[in-house]
Structure formats: structure tokens, C-alpha cells
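Shown next: upload_23.json, containing JSON, C-alpha atoms and all ligand atoms.
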[["chain", "number", "residue", "atom", "x", "y", "z"],
["A", 10, "MET", "CA", 83.61, 122.92, 94.52],
["A", 11, "LYS", "CA", 86.93, 121.45, 95.55],
["A", 12, "LYS", "CA", 88.36, 118.91, 93.14],
["A", 13, "MET", "CA", 89.47, 115.49, 94.35],
["A", 14, "LEU", "CA", 91.27, 112.67, 92.57],
["A", 15, "PHE", "CA", 90.60, 109.37, 94.34],
["A", 16, "VAL", "CA", 93.08, 106.66, 93.32],
["A", 17, "TYR", "CA", 92.69, 103.20, 94.78],
["A", 18, "ASN", "CA", 94.20, 99.76, 94.37],
["A", 19, "PRO", "CA", 91.19, 97.42, 94.11],
["A", 20, "ASN", "CA", 93.28, 94.36, 95.04],
["A", 21, "SER", "CA", 95.15, 95.74, 98.05],
["A", 22, "GLY", "CA", 95.00, 93.91, 101.37],
["A", 23, "LYS", "CA", 91.89, 91.77, 101.43],
["A", 24, "ALA", "CA", 90.27, 93.97, 98.75],
["A", 25, "GLN", "CA", 88.01, 95.46, 101.45],
["A", 26, "ILE", "CA", 87.83, 98.75, 99.52],
["A", 27, "ASN", "CA", 85.17, 97.13, 97.32],
["A", 28, "GLU", "CA", 82.93, 96.78, 100.33],
["A", 29, "TYR", "CA", 83.30, 100.42, 101.46],
["A", 30, "LEU", "CA", 83.78, 102.34, 98.21],
["A", 31, "SER", "CA", 80.26, 103.73, 97.90],
["A", 32, "LYS", "CA", 80.19, 104.86, 101.54],
["A", 33, "ILE", "CA", 83.60, 106.53, 101.19],
["A", 34, "LEU", "CA", 82.53, 108.41, 98.06],
["A", 35, "GLN", "CA", 79.35, 109.57, 99.82],
["A", 36, "ILE", "CA", 81.45, 111.02, 102.65],
["A", 37, "PHE", "CA", 83.55, 113.03, 100.17],
["A", 38, "SER", "CA", 80.52, 114.07, 98.12],
["A", 39, "ALA", "CA", 78.70, 115.29, 101.23],
["A", 40, "ALA", "CA", 81.77, 117.42, 102.03],
["A", 41, "ASP", "CA", 81.35, 119.13, 98.66],
["A", 42, "TYR", "CA", 84.10, 117.47, 96.71],
["A", 43, "GLU", "CA", 83.83, 116.87, 92.99],
["A", 44, "ILE", "CA", 85.43, 113.44, 92.73],
["A", 45, "THR", "CA", 87.31, 111.72, 89.93],
["A", 46, "VAL", "CA", 87.66, 108.03, 90.76],
["A", 47, "TYR", "CA", 90.52, 105.96, 89.40],
["A", 48, "PRO", "CA", 91.00, 102.25, 90.20],
["A", 49, "THR", "CA", 94.59, 101.29, 89.38],
["A", 50, "LYS", "CA", 95.25, 98.62, 86.76],
["A", 51, "ALA", "CA", 98.85, 97.73, 87.55],
["A", 52, "GLN", "CA", 101.87, 98.78, 89.55],
["A", 53, "MET", "CA", 102.96, 102.41, 88.80],
["A", 54, "ASP", "CA", 99.67, 103.03, 86.96],
["A", 55, "GLY", "CA", 98.42, 105.23, 89.82],
["A", 56, "HIS", "CA", 101.74, 107.04, 89.88],
["A", 57, "GLU", "CA", 101.44, 107.90, 86.18],
["A", 58, "LYS", "CA", 97.82, 109.06, 86.58],
["A", 59, "ILE", "CA", 98.72, 111.36, 89.49],
["A", 60, "LYS", "CA", 101.87, 112.65, 87.81],
["A", 61, "MET", "CA", 99.83, 113.69, 84.75],
["A", 62, "SER", "CA", 97.23, 115.47, 86.91],
["A", 63, "ASP", "CA", 99.52, 118.37, 87.91],
["A", 64, "GLY", "CA", 97.46, 121.49, 88.62],
["A", 65, "LYS", "CA", 94.06, 119.77, 88.21],
["A", 66, "TYR", "CA", 93.15, 118.78, 91.77],
["A", 67, "ASP", "CA", 93.06, 120.32, 95.25],
["A", 68, "ILE", "CA", 93.48, 116.99, 96.94],
["A", 69, "ILE", "CA", 94.57, 113.50, 95.96],
["A", 70, "VAL", "CA", 93.27, 110.67, 98.10],
["A", 71, "CYS", "CA", 94.82, 107.26, 97.67],
["A", 72, "SER", "CA", 93.78, 103.92, 99.07],
["A", 73, "GLY", "CA", 95.95, 100.84, 99.13],
["A", 74, "GLY", "CA", 99.07, 99.61, 100.88],
["A", 75, "ASP", "CA", 102.54, 101.07, 101.33],
["A", 76, "GLY", "CA", 103.21, 100.79, 97.59],
["A", 77, "THR", "CA", 100.16, 102.90, 96.67],
["A", 78, "LEU", "CA", 101.08, 105.64, 99.13],
["A", 79, "ASN", "CA", 104.67, 105.61, 97.89],
["A", 80, "GLU", "CA", 103.48, 105.99, 94.26],
["A", 81, "THR", "CA", 101.18, 108.84, 95.27],
["A", 82, "VAL", "CA", 103.77, 110.78, 97.23],
["A", 83, "SER", "CA", 106.46, 110.28, 94.56],
["A", 84, "ALA", "CA", 104.07, 111.52, 91.86],
["A", 85, "VAL", "CA", 103.03, 114.61, 93.86],
["A", 86, "MET", "CA", 106.73, 115.36, 94.43],
["A", 87, "GLU", "CA", 107.01, 115.77, 90.65],
["A", 88, "HIS", "CA", 104.16, 118.29, 90.40],
["A", 89, "LYS", "CA", 105.37, 121.66, 89.17],
["A", 90, "ILE", "CA", 102.18, 123.74, 88.88],
["A", 91, "SER", "CA", 100.67, 123.12, 92.32],
["A", 92, "LYS", "CA", 101.11, 120.61, 95.13],
["A", 93, "PRO", "CA", 97.75, 119.08, 96.10],
["A", 94, "PHE", "CA", 97.06, 117.84, 99.62],
["A", 95, "ILE", "CA", 97.36, 114.08, 100.10],
["A", 96, "GLY", "CA", 94.80, 111.96, 101.92],
["A", 97, "TYR", "CA", 95.40, 108.30, 102.69],
["A", 98, "ILE", "CA", 92.99, 105.45, 103.37],
["A", 99, "PRO", "CA", 95.17, 102.45, 104.22],
["A", 100, "SER", "CA", 94.11, 98.95, 103.22],
["A", 101, "GLY", "CA", 97.27, 96.87, 103.47],
["A", 102, "THR", "CA", 98.44, 94.95, 106.50],
["A", 103, "THR", "CA", 101.71, 96.55, 107.60],
["A", 104, "ASN", "CA", 100.74, 100.22, 107.57],
["A", 105, "ASP", "CA", 103.45, 101.54, 109.86],
["A", 106, "PHE", "CA", 103.47, 104.94, 108.25],
["A", 107, "ALA", "CA", 99.69, 105.39, 108.50],
["A", 108, "ARG", "CA", 99.90, 104.42, 112.15],
["A", 109, "SER", "CA", 102.68, 106.98, 112.70],
["A", 110, "LEU", "CA", 100.40, 109.66, 111.24],
["A", 111, "GLY", "CA", 97.50, 108.61, 113.47],
["A", 112, "ILE", "CA", 95.47, 107.52, 110.40],
["A", 113, "SER", "CA", 92.77, 104.99, 111.24],
["A", 114, "GLY", "CA", 92.85, 101.42, 109.94],
["A", 115, "ASP", "CA", 89.06, 101.65, 109.63],
["A", 116, "MET", "CA", 88.41, 102.86, 106.07],
["A", 117, "ILE", "CA", 85.25, 104.82, 106.87],
["A", 118, "ALA", "CA", 86.91, 106.54, 109.85],
["A", 119, "ALA", "CA", 89.94, 107.35, 107.68],
["A", 120, "ALA", "CA", 87.68, 108.92, 105.02],
["A", 121, "LYS", "CA", 85.87, 111.03, 107.65],
["A", 122, "ASP", "CA", 89.23, 112.13, 109.04],
["A", 123, "ILE", "CA", 90.28, 113.34, 105.59],
["A", 124, "VAL", "CA", 87.19, 115.57, 105.47],
["A", 125, "ASP", "CA", 87.63, 116.87, 109.05],
["A", 126, "GLY", "CA", 91.42, 116.65, 109.31],
["A", 127, "GLU", "CA", 94.32, 119.06, 109.40],
["A", 128, "VAL", "CA", 97.18, 119.47, 106.96],
["A", 129, "MET", "CA", 100.59, 118.39, 108.18],
["A", 130, "GLY", "CA", 103.84, 119.03, 106.35],
["A", 131, "CYS", "CA", 105.65, 115.72, 106.14],
["A", 132, "ASP", "CA", 109.31, 115.01, 105.44],
["A", 133, "ILE", "CA", 110.20, 112.77, 102.51],
["A", 134, "GLY", "CA", 113.39, 110.77, 101.98],
["A", 135, "ARG", "CA", 115.30, 110.76, 98.72],
["A", 136, "PHE", "CA", 117.34, 107.61, 98.10],
["A", 137, "ASN", "CA", 119.71, 108.09, 95.15],
["A", 138, "GLY", "CA", 117.08, 110.39, 93.62],
["A", 139, "ARG", "CA", 114.11, 108.08, 94.33],
["A", 140, "TYR", "CA", 111.49, 109.20, 96.87],
["A", 141, "TYR", "CA", 110.41, 107.16, 99.85],
["A", 142, "ASN", "CA", 108.08, 107.85, 102.75],
["A", 143, "TYR", "CA", 109.24, 106.01, 105.80],
["A", 144, "VAL", "CA", 111.80, 103.24, 105.45],
["A", 145, "ALA", "CA", 114.91, 102.47, 103.43],
["A", 146, "ALA", "CA", 116.70, 99.34, 104.63],
["A", 147, "PHE", "CA", 119.13, 96.57, 103.77],
["A", 148, "GLY", "CA", 119.73, 93.17, 105.42],
["A", 149, "ALA", "CA", 117.44, 91.42, 107.95],
["A", 150, "PHE", "CA", 113.86, 92.59, 107.33],
["A", 151, "THR", "CA", 114.55, 93.41, 103.75],
["A", 152, "GLU", "CA", 115.20, 89.81, 102.72],
["A", 153, "VAL", "CA", 111.99, 88.74, 104.43],
["A", 154, "SER", "CA", 110.17, 91.70, 102.95],
["A", 155, "TYR", "CA", 110.48, 90.85, 99.30],
["A", 156, "ALA", "CA", 110.95, 87.11, 99.66],
["A", 157, "THR", "CA", 107.62, 86.85, 101.49],
["A", 158, "PRO", "CA", 104.45, 86.79, 99.40],
["A", 159, "GLN", "CA", 101.74, 89.27, 100.47],
["A", 160, "GLU", "CA", 99.30, 86.48, 101.44],
["A", 161, "PHE", "CA", 101.92, 85.04, 103.79],
["A", 162, "LYS", "CA", 102.54, 88.47, 105.35],
["A", 163, "ASN", "CA", 98.78, 88.77, 105.97],
["A", 164, "LEU", "CA", 98.83, 85.37, 107.60],
["A", 165, "LEU", "CA", 101.89, 86.09, 109.73],
["A", 166, "GLY", "CA", 100.78, 89.49, 110.93],
["A", 167, "HIS", "CA", 103.18, 92.32, 111.76],
["A", 168, "GLN", "CA", 104.98, 90.95, 114.74],
["A", 169, "ALA", "CA", 105.63, 87.48, 113.40],
["A", 170, "TYR", "CA", 106.92, 89.15, 110.27],
["A", 171, "VAL", "CA", 109.42, 91.24, 112.23],
["A", 172, "ILE", "CA", 110.47, 88.23, 114.30],
["A", 173, "GLU", "CA", 111.16, 86.37, 111.05],
["A", 174, "GLY", "CA", 113.30, 89.32, 109.97],
["A", 175, "LEU", "CA", 115.26, 89.38, 113.22],
["A", 176, "LYS", "CA", 115.69, 85.62, 113.13],
["A", 177, "SER", "CA", 117.33, 85.95, 109.73],
["A", 178, "ILE", "CA", 120.10, 88.21, 111.12],
["A", 179, "PRO", "CA", 122.54, 85.39, 112.04],
["A", 180, "PHE", "CA", 122.27, 83.99, 108.49],
["A", 181, "ILE", "CA", 122.94, 87.23, 106.68],
["A", 182, "LYS", "CA", 126.42, 87.66, 105.28],
["A", 183, "PRO", "CA", 127.80, 90.98, 106.50],
["A", 184, "THR", "CA", 128.87, 93.64, 104.03],
["A", 185, "HIS", "CA", 131.84, 95.89, 104.60],
["A", 186, "MET", "CA", 130.56, 99.45, 104.58],
["A", 187, "MET", "CA", 131.41, 103.04, 105.38],
["A", 188, "VAL", "CA", 128.53, 105.03, 106.81],
["A", 189, "GLU", "CA", 128.81, 108.80, 106.94],
["A", 190, "ALA", "CA", 126.40, 111.06, 108.82],
["A", 191, "ASN", "CA", 126.69, 114.34, 110.72],
["A", 192, "GLY", "CA", 130.44, 114.45, 110.03],
["A", 193, "GLU", "CA", 130.95, 111.06, 111.65],
["A", 194, "VAL", "CA", 132.25, 108.07, 109.66],
["A", 195, "VAL", "CA", 131.61, 104.55, 110.91],
["A", 196, "GLU", "CA", 133.30, 101.65, 109.16],
["A", 197, "GLY", "CA", 132.62, 97.95, 109.68],
["A", 198, "ASP", "CA", 130.92, 94.76, 108.59],
["A", 199, "PHE", "CA", 127.20, 95.44, 108.66],
["A", 200, "LEU", "CA", 124.29, 93.01, 108.79],
["A", 201, "PHE", "CA", 121.47, 95.45, 108.72],
["A", 202, "GLY", "CA", 120.66, 99.12, 108.37],
["A", 203, "MET", "CA", 117.56, 101.28, 108.19],
["A", 204, "ILE", "CA", 116.89, 104.98, 107.65],
["A", 205, "THR", "CA", 113.36, 105.72, 108.81],
["A", 206, "ASN", "CA", 110.79, 108.42, 109.38],
["A", 207, "THR", "CA", 108.22, 106.46, 111.34],
["A", 208, "MET", "CA", 107.28, 105.65, 114.93],
["A", 209, "SER", "CA", 107.00, 101.92, 114.27],
["A", 210, "VAL", "CA", 108.50, 99.33, 111.96],
["A", 211, "GLY", "CA", 106.67, 96.06, 111.44],
["A", 212, "GLY", "CA", 104.28, 97.02, 114.22],
["A", 213, "PHE", "CA", 107.03, 97.54, 116.81],
["A", 214, "LYS", "CA", 106.74, 100.97, 118.34],
["A", 215, "ASN", "CA", 110.20, 101.63, 119.77],
["A", 216, "ILE", "CA", 112.21, 100.15, 116.98],
["A", 217, "ALA", "CA", 112.90, 103.43, 115.17],
["A", 218, "GLY", "CA", 113.83, 105.34, 118.32],
["A", 219, "LYS", "CA", 112.28, 107.74, 120.79],
["A", 220, "ASN", "CA", 111.14, 111.32, 120.17],
["A", 221, "VAL", "CA", 110.39, 110.56, 116.53],
["A", 222, "LYS", "CA", 108.76, 113.38, 114.59],
["A", 223, "LEU", "CA", 107.70, 113.15, 110.97],
["A", 224, "ASP", "CA", 108.19, 116.86, 110.25],
["A", 225, "ASP", "CA", 111.49, 117.71, 111.98],
["A", 226, "GLY", "CA", 113.61, 117.36, 108.84],
["A", 227, "LEU", "CA", 115.43, 114.39, 110.38],
["A", 228, "PHE", "CA", 115.30, 110.64, 109.84],
["A", 229, "GLU", "CA", 116.35, 108.02, 112.40],
["A", 230, "CYS", "CA", 119.14, 105.66, 111.33],
["A", 231, "THR", "CA", 120.07, 102.31, 112.86],
["A", 232, "PHE", "CA", 122.99, 100.21, 111.62],
["A", 233, "ILE", "CA", 123.96, 96.84, 113.07],
["A", 234, "LYS", "CA", 127.44, 95.40, 112.81],
["A", 235, "THR", "CA", 128.19, 91.70, 112.70],
["A", 236, "PHE", "CA", 128.61, 89.93, 116.03],
["A", 237, "GLU", "CA", 129.96, 86.57, 117.15],
["A", 238, "ALA", "CA", 128.46, 84.95, 120.23],
["A", 239, "ALA", "CA", 124.84, 83.83, 120.21],
["A", 240, "SER", "CA", 124.35, 85.44, 123.63],
["A", 241, "ASP", "CA", 125.12, 88.75, 121.98],
["A", 242, "PHE", "CA", 122.15, 88.16, 119.73],
["A", 243, "ASN", "CA", 119.74, 88.42, 122.67],
["A", 244, "LYS", "CA", 121.39, 91.65, 123.79],
["A", 245, "LEU", "CA", 121.15, 92.90, 120.25],
["A", 246, "ILE", "CA", 117.42, 92.18, 120.02],
["A", 247, "ASN", "CA", 116.88, 93.95, 123.36],
["A", 248, "ALA", "CA", 118.94, 96.90, 122.21],
["A", 249, "ILE", "CA", 117.05, 97.21, 118.92],
["A", 250, "LEU", "CA", 113.56, 96.72, 120.27],
["A", 251, "TYR", "CA", 113.82, 98.35, 123.67],
["A", 252, "LYS", "CA", 116.92, 100.53, 123.37],
["A", 253, "GLU", "CA", 118.38, 98.99, 126.53],
["A", 254, "GLY", "CA", 121.90, 100.19, 127.21],
["A", 255, "LYS", "CA", 124.63, 100.92, 124.72],
["A", 256, "ASN", "CA", 125.64, 98.20, 122.34],
["A", 257, "PRO", "CA", 128.93, 98.60, 120.48],
["A", 258, "ASN", "CA", 127.45, 96.69, 117.55],
["A", 259, "ILE", "CA", 124.72, 99.24, 116.97],
["A", 260, "PHE", "CA", 125.12, 102.69, 115.48],
["A", 261, "HIS", "CA", 122.17, 105.08, 115.99],
["A", 262, "VAL", "CA", 122.03, 108.57, 114.50],
["A", 263, "LYS", "CA", 119.44, 111.22, 113.60],
["A", 264, "THR", "CA", 120.34, 113.13, 110.46],
["A", 265, "ASP", "CA", 119.14, 114.92, 107.33],
["A", 266, "LYS", "CA", 121.79, 113.40, 105.10],
["A", 267, "ILE", "CA", 123.56, 110.07, 105.08],
["A", 268, "LYS", "CA", 126.00, 108.34, 102.75],
["A", 269, "VAL", "CA", 126.66, 104.61, 102.60],
["A", 270, "HIS", "CA", 129.47, 103.06, 100.61],
["A", 271, "ALA", "CA", 129.56, 99.25, 100.37],
["A", 272, "ASP", "CA", 132.34, 97.00, 99.06],
["A", 273, "LYS", "CA", 129.78, 95.15, 96.95],
["A", 274, "ALA", "CA", 126.26, 95.57, 95.58],
["A", 275, "VAL", "CA", 123.62, 95.40, 98.36],
["A", 276, "PRO", "CA", 119.85, 94.92, 97.85],
["A", 277, "TRP", "CA", 117.76, 97.64, 99.51],
["A", 278, "VAL", "CA", 114.08, 97.92, 100.25],
["A", 279, "LEU", "CA", 112.17, 101.22, 100.04],
["A", 280, "ASP", "CA", 108.77, 101.32, 101.79],
["A", 281, "GLY", "CA", 108.54, 97.54, 101.47],
["A", 282, "GLU", "CA", 109.42, 97.38, 97.76],
["A", 283, "PHE", "CA", 112.69, 96.39, 96.09],
["A", 284, "GLY", "CA", 114.92, 99.47, 95.83],
["A", 285, "GLY", "CA", 117.77, 98.22, 93.64],
["A", 286, "GLU", "CA", 121.27, 96.98, 94.51],
["A", 287, "PRO", "CA", 123.50, 100.04, 94.63],
["A", 288, "GLN", "CA", 127.02, 100.05, 96.09],
["A", 289, "ASP", "CA", 126.80, 103.75, 96.86],
["A", 290, "VAL", "CA", 123.75, 105.25, 98.50],
["A", 291, "GLN", "CA", 123.05, 108.86, 99.30],
["A", 292, "ILE", "CA", 119.93, 109.70, 101.25],
["A", 293, "ASP", "CA", 118.78, 113.21, 101.94],
["A", 294, "ILE", "CA", 115.68, 114.40, 103.70],
["A", 295, "LEU", "CA", 113.36, 116.89, 102.06],
["A", 296, "SER", "CA", 111.81, 118.81, 104.92],
["A", 297, "ASN", "CA", 108.00, 119.34, 104.83],
["A", 298, "ALA", "CA", 107.98, 118.18, 101.21],
["A", 299, "VAL", "CA", 104.32, 117.07, 101.04],
["A", 300, "ASN", "CA", 101.11, 118.05, 102.82],
["A", 301, "ILE", "CA", 99.31, 115.05, 104.25],
["A", 302, "ILE", "CA", 95.89, 115.27, 105.89],
["A", 303, "VAL", "CA", 95.99, 113.80, 109.38],
["A", 304, "PRO", "CA", 93.18, 113.40, 111.94],
["A", 305, "ARG", "CA", 92.60, 116.61, 113.90],
["A", 306, "LYS", "CA", 93.11, 114.86, 117.22],
["A", 307, "TYR", "CA", 96.54, 113.69, 116.12],
["A", 308, "TYR", "CA", 97.46, 117.13, 114.80],
["A", 309, "ASP", "CA", 96.52, 118.81, 118.10],
["A", 310, "MET", "CA", 98.63, 116.24, 119.93],
["A", 311, "GLN", "CA", 101.66, 117.03, 117.73],
["A", 312, "VAL", "CA", 101.27, 120.79, 118.12],
["A", 313, "LYS", "CA", 101.07, 120.51, 121.90],
["A", 314, "ASN", "CA", 104.26, 118.38, 122.09],
["A", 401, "MG", "MG", 111.71, 112.87, 111.50]]
Can I see the file as C-alpha cells?
Amino acid sequence: MKKMLFVYNPNSGKAQINEYLSKILQIFSAADYEITVYPTKAQMDGHEKIKMSDGKYDIIVCSGGDGTLNETVSAVMEHKISKPFIGYIPSGTTNDFARSLGISGDMIAAAKDIVDGEVMGCDIGRFNGRYYNYVAAFGAFTEVSYATPQEFKNLLGHQAYVIEGLKSIPFIKPTHMMVEANGEVVEGDFLFGMITNTMSVGGFKNIAGKNVKLDDGLFECTFIKTFEAASDFNKLINAILYKEGKNPNIFHVKTDKIKVHADKAVPWVLDGEFGGEPQDVQIDILSNAVNIIVPRKYYDMQVKN
């Protein structure tokens, strides 16, 4: 029998896991898994549980929002004896990463896909030594991200949430920074930056760039410099969301390593959680660092591309 650790956040999203738990466990049981179930009690509790389970399980399935997945992946990254597969049943609202992996928002469908799915090697970002799955950012969205209570995010929905983030751009004080990637150094006063491994951010599909792959060892970076005229703001929004034309205020790059030096401390957000206020940031990409189970249909699509 294959051994599974099932870690879930009972309060995530609208707590819908409580409605589906028995059905989900039946799906895993029918697929011959011996299941250990662990409802988390607090933040980082799931991380600790998974970290201590090194070598004990073939697969770790987590259910919750971005935070739960981040805790799971970070904990598996610390496993020394064996690296279990990771399955994910999303329950939060802004599950950009799950969407990028083709994972269903329907909990029962997501559980079935874990049983029938394929293993995909997925890249992981390391931000000053701390692991993240799909987005590290400062400025715009970030202020909205941790200033906005979860209930309000649920109410707003993805798009409204991103619009709020973009609307905040003119009010953000720029920070003088040096950004170094692929041997290129860009210096200026920046309002916003993000280093992502995802097809969508805040529900917007094109925002991270085109030809995004989660297992190519590269993350997409977008940095926005300060700008003056309000008319520029419209161009900027078009350039960010739809990649229309070249905008001198925007720096796009794909890379496996990036360094940011700021003149002052800057708050960052990692996968939607507060990531500290470092002046110096080094991000490197760990290629195919974890094995995530994705729906077979999605896997076939990736292989064909
Ligand atoms: Mg990539």
C-alpha cells in the first residue's frame, strides 16, 4: 500500500473542505492509499508536520490556499531521505498557481486527478534562502495583498483585487533600485516588481508573459519604473496586461537568477504572504525541484508543446 499524508487547512477559503472531506478520503482509499489525515491548527503547523515526516510517505496531499501549498513545498524541499510527490487540492480564492498547473477548482475533481494524474517536475524560487512557488513581488499588488483581509479578497474576486493593486500604483513612492539579471543591470526608481513562475497573476492570464513554462528553469520578471503623466498610466496598464508595444518604463526579463539592491528597506510578498523588508534580494530558481501531480490532460498538453 502506498502511504499518503493528507494535510488540510480546515478554515481555508469558505471552509468547503469540511463538506467534501469524506468523499475525498474515499477516492484516495479506493486507489489503495493508506492515509494519515492532519488538519492544521495554525500557520506553519502543516509545514512542521510535513518537515518531520521525511522518508515516511510516498505522497503528500495538501488542501488549502496559497499559504498551505507554500508551506508544503517548502517543507518537502527540506526532506533529505526521500522527496515525496505533492498533490494539491486548492480551496482558496486566488489560486493562480493551481490554475497554471491545470488543477481543478472543484475539490472532488482535483482529488480524482491526483489519483489519475502524472508527475511533473516543477521549478521553485528561492528568495534570500526562503522558498516560494510562483510569485515574489514588491509595490502595487503587494500592498493590497497583505493590507486586504481574506474575507474582503473573497468578496472582491480576483479581477477587482488586481484592479485595486494597479490603481494603487500612482500612490506608491518609488524606490531607487539596481536590478541585475542575465548580465544586464537596470537602475532606476521602481514602483513595482514581480518575479513569477505562473501563467496568471490575480486571475489575469497574460500578466506574467507569454510562453510561460513551469519547468523550464526560468522565472518571468517584470519591473515598472516611476512615470509622470497620467496618460502614461493607461499605456502602462495596457503594456502590463496585454504586452502591447514597448514601454520604456517596463523591464521584462526571463532568468534563473536575479539580484535586486534597493536604497532602502522594501516590503516584499511571497506567494501572497509577507516576505520581509530586505534591502538586498537574491532570487535563484531551483529547476525541477519538486514533483507535483498534475491532471493527465494537462501533462499531455505540456509534453506536446
Ligand atoms: Mg518557468
Between atom CA of Asp105 of chain A and atom CA of Ile259 of chain A - distance in Å to one decimal: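 Atom CA of Asp105 of chain A lies 22.5 Å from atom CA of Ile259 of chain A.
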What's around Thr81 of chain A at 7 Å? Count all atoms listed in the file, leave out sequence neighbours fewer than 2 positions away in its own chain, and write the answer as a ChimeraX atom specification. /A:56,59,71,77-79,83-85
Determine the nearest neighbour of ligand MG 401 (chain A) from the options A:Thr184, A:Thr264, A:Thr49, A:Ser62, counting all atoms listed in the file.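 Smallest separation from ligand MG 401 (chain A) among the options: A:Thr264.
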Just the residues within 7 Å of segment 89-93 of chain A, please, counting all atoms listed in the file, with nothing from its chain fewer than 4 positions along; format it as a VMD selection string. chain A and resid 63 to 64 66 to 69 85
Take the residues just selected and output them with C-alpha atoms as an mmCIF file, keeping the file's coordinate frame.
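Done, and the output landed in out37.cif:
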data_model
loop_
_atom_site.group_PDB
_atom_site.id
_atom_site.type_symbol
_atom_site.label_atom_id
_atom_site.label_comp_id
_atom_site.auth_asym_id
_atom_site.auth_seq_id
_atom_site.Cartn_x
_atom_site.Cartn_y
_atom_site.Cartn_z
ATOM 1 C CA ASP A 63 99.520 118.370 87.910
ATOM 2 C CA GLY A 64 97.460 121.490 88.620
ATOM 3 C CA TYR A 66 93.150 118.780 91.770
ATOM 4 C CA ASP A 67 93.060 120.320 95.250
ATOM 5 C CA ILE A 68 93.480 116.990 96.940
ATOM 6 C CA ILE A 69 94.570 113.500 95.960
ATOM 7 C CA VAL A 85 103.030 114.610 93.860
#
Given the choices A:Val144, A:Leu295, A:Met116, A:Val128, which gets closest to Asn27 of chain A if the distance is worked out from only C-alpha atoms? A:Met116
Which residues are near ligand MG 401 (chain A) in this structure, taking near to mean any atom at most 7 Å from a ligand atom and counting only C-alpha atoms and all ligand atoms? Format them as a tab-separated table (two decimals) with C-alpha atoms, in the frame of the given file.
chain	number	residue	atom	x	y	z
A	132	ASP	CA	109.31	115.01	105.44
A	206	ASN	CA	110.79	108.42	109.38
A	221	VAL	CA	110.39	110.56	116.53
A	222	LYS	CA	108.76	113.38	114.59
A	223	LEU	CA	107.70	113.15	110.97
A	224	ASP	CA	108.19	116.86	110.25
A	225	ASP	CA	111.49	117.71	111.98
A	226	GLY	CA	113.61	117.36	108.84
A	227	LEU	CA	115.43	114.39	110.38
A	228	PHE	CA	115.30	110.64	109.84
A	229	GLU	CA	116.35	108.02	112.40
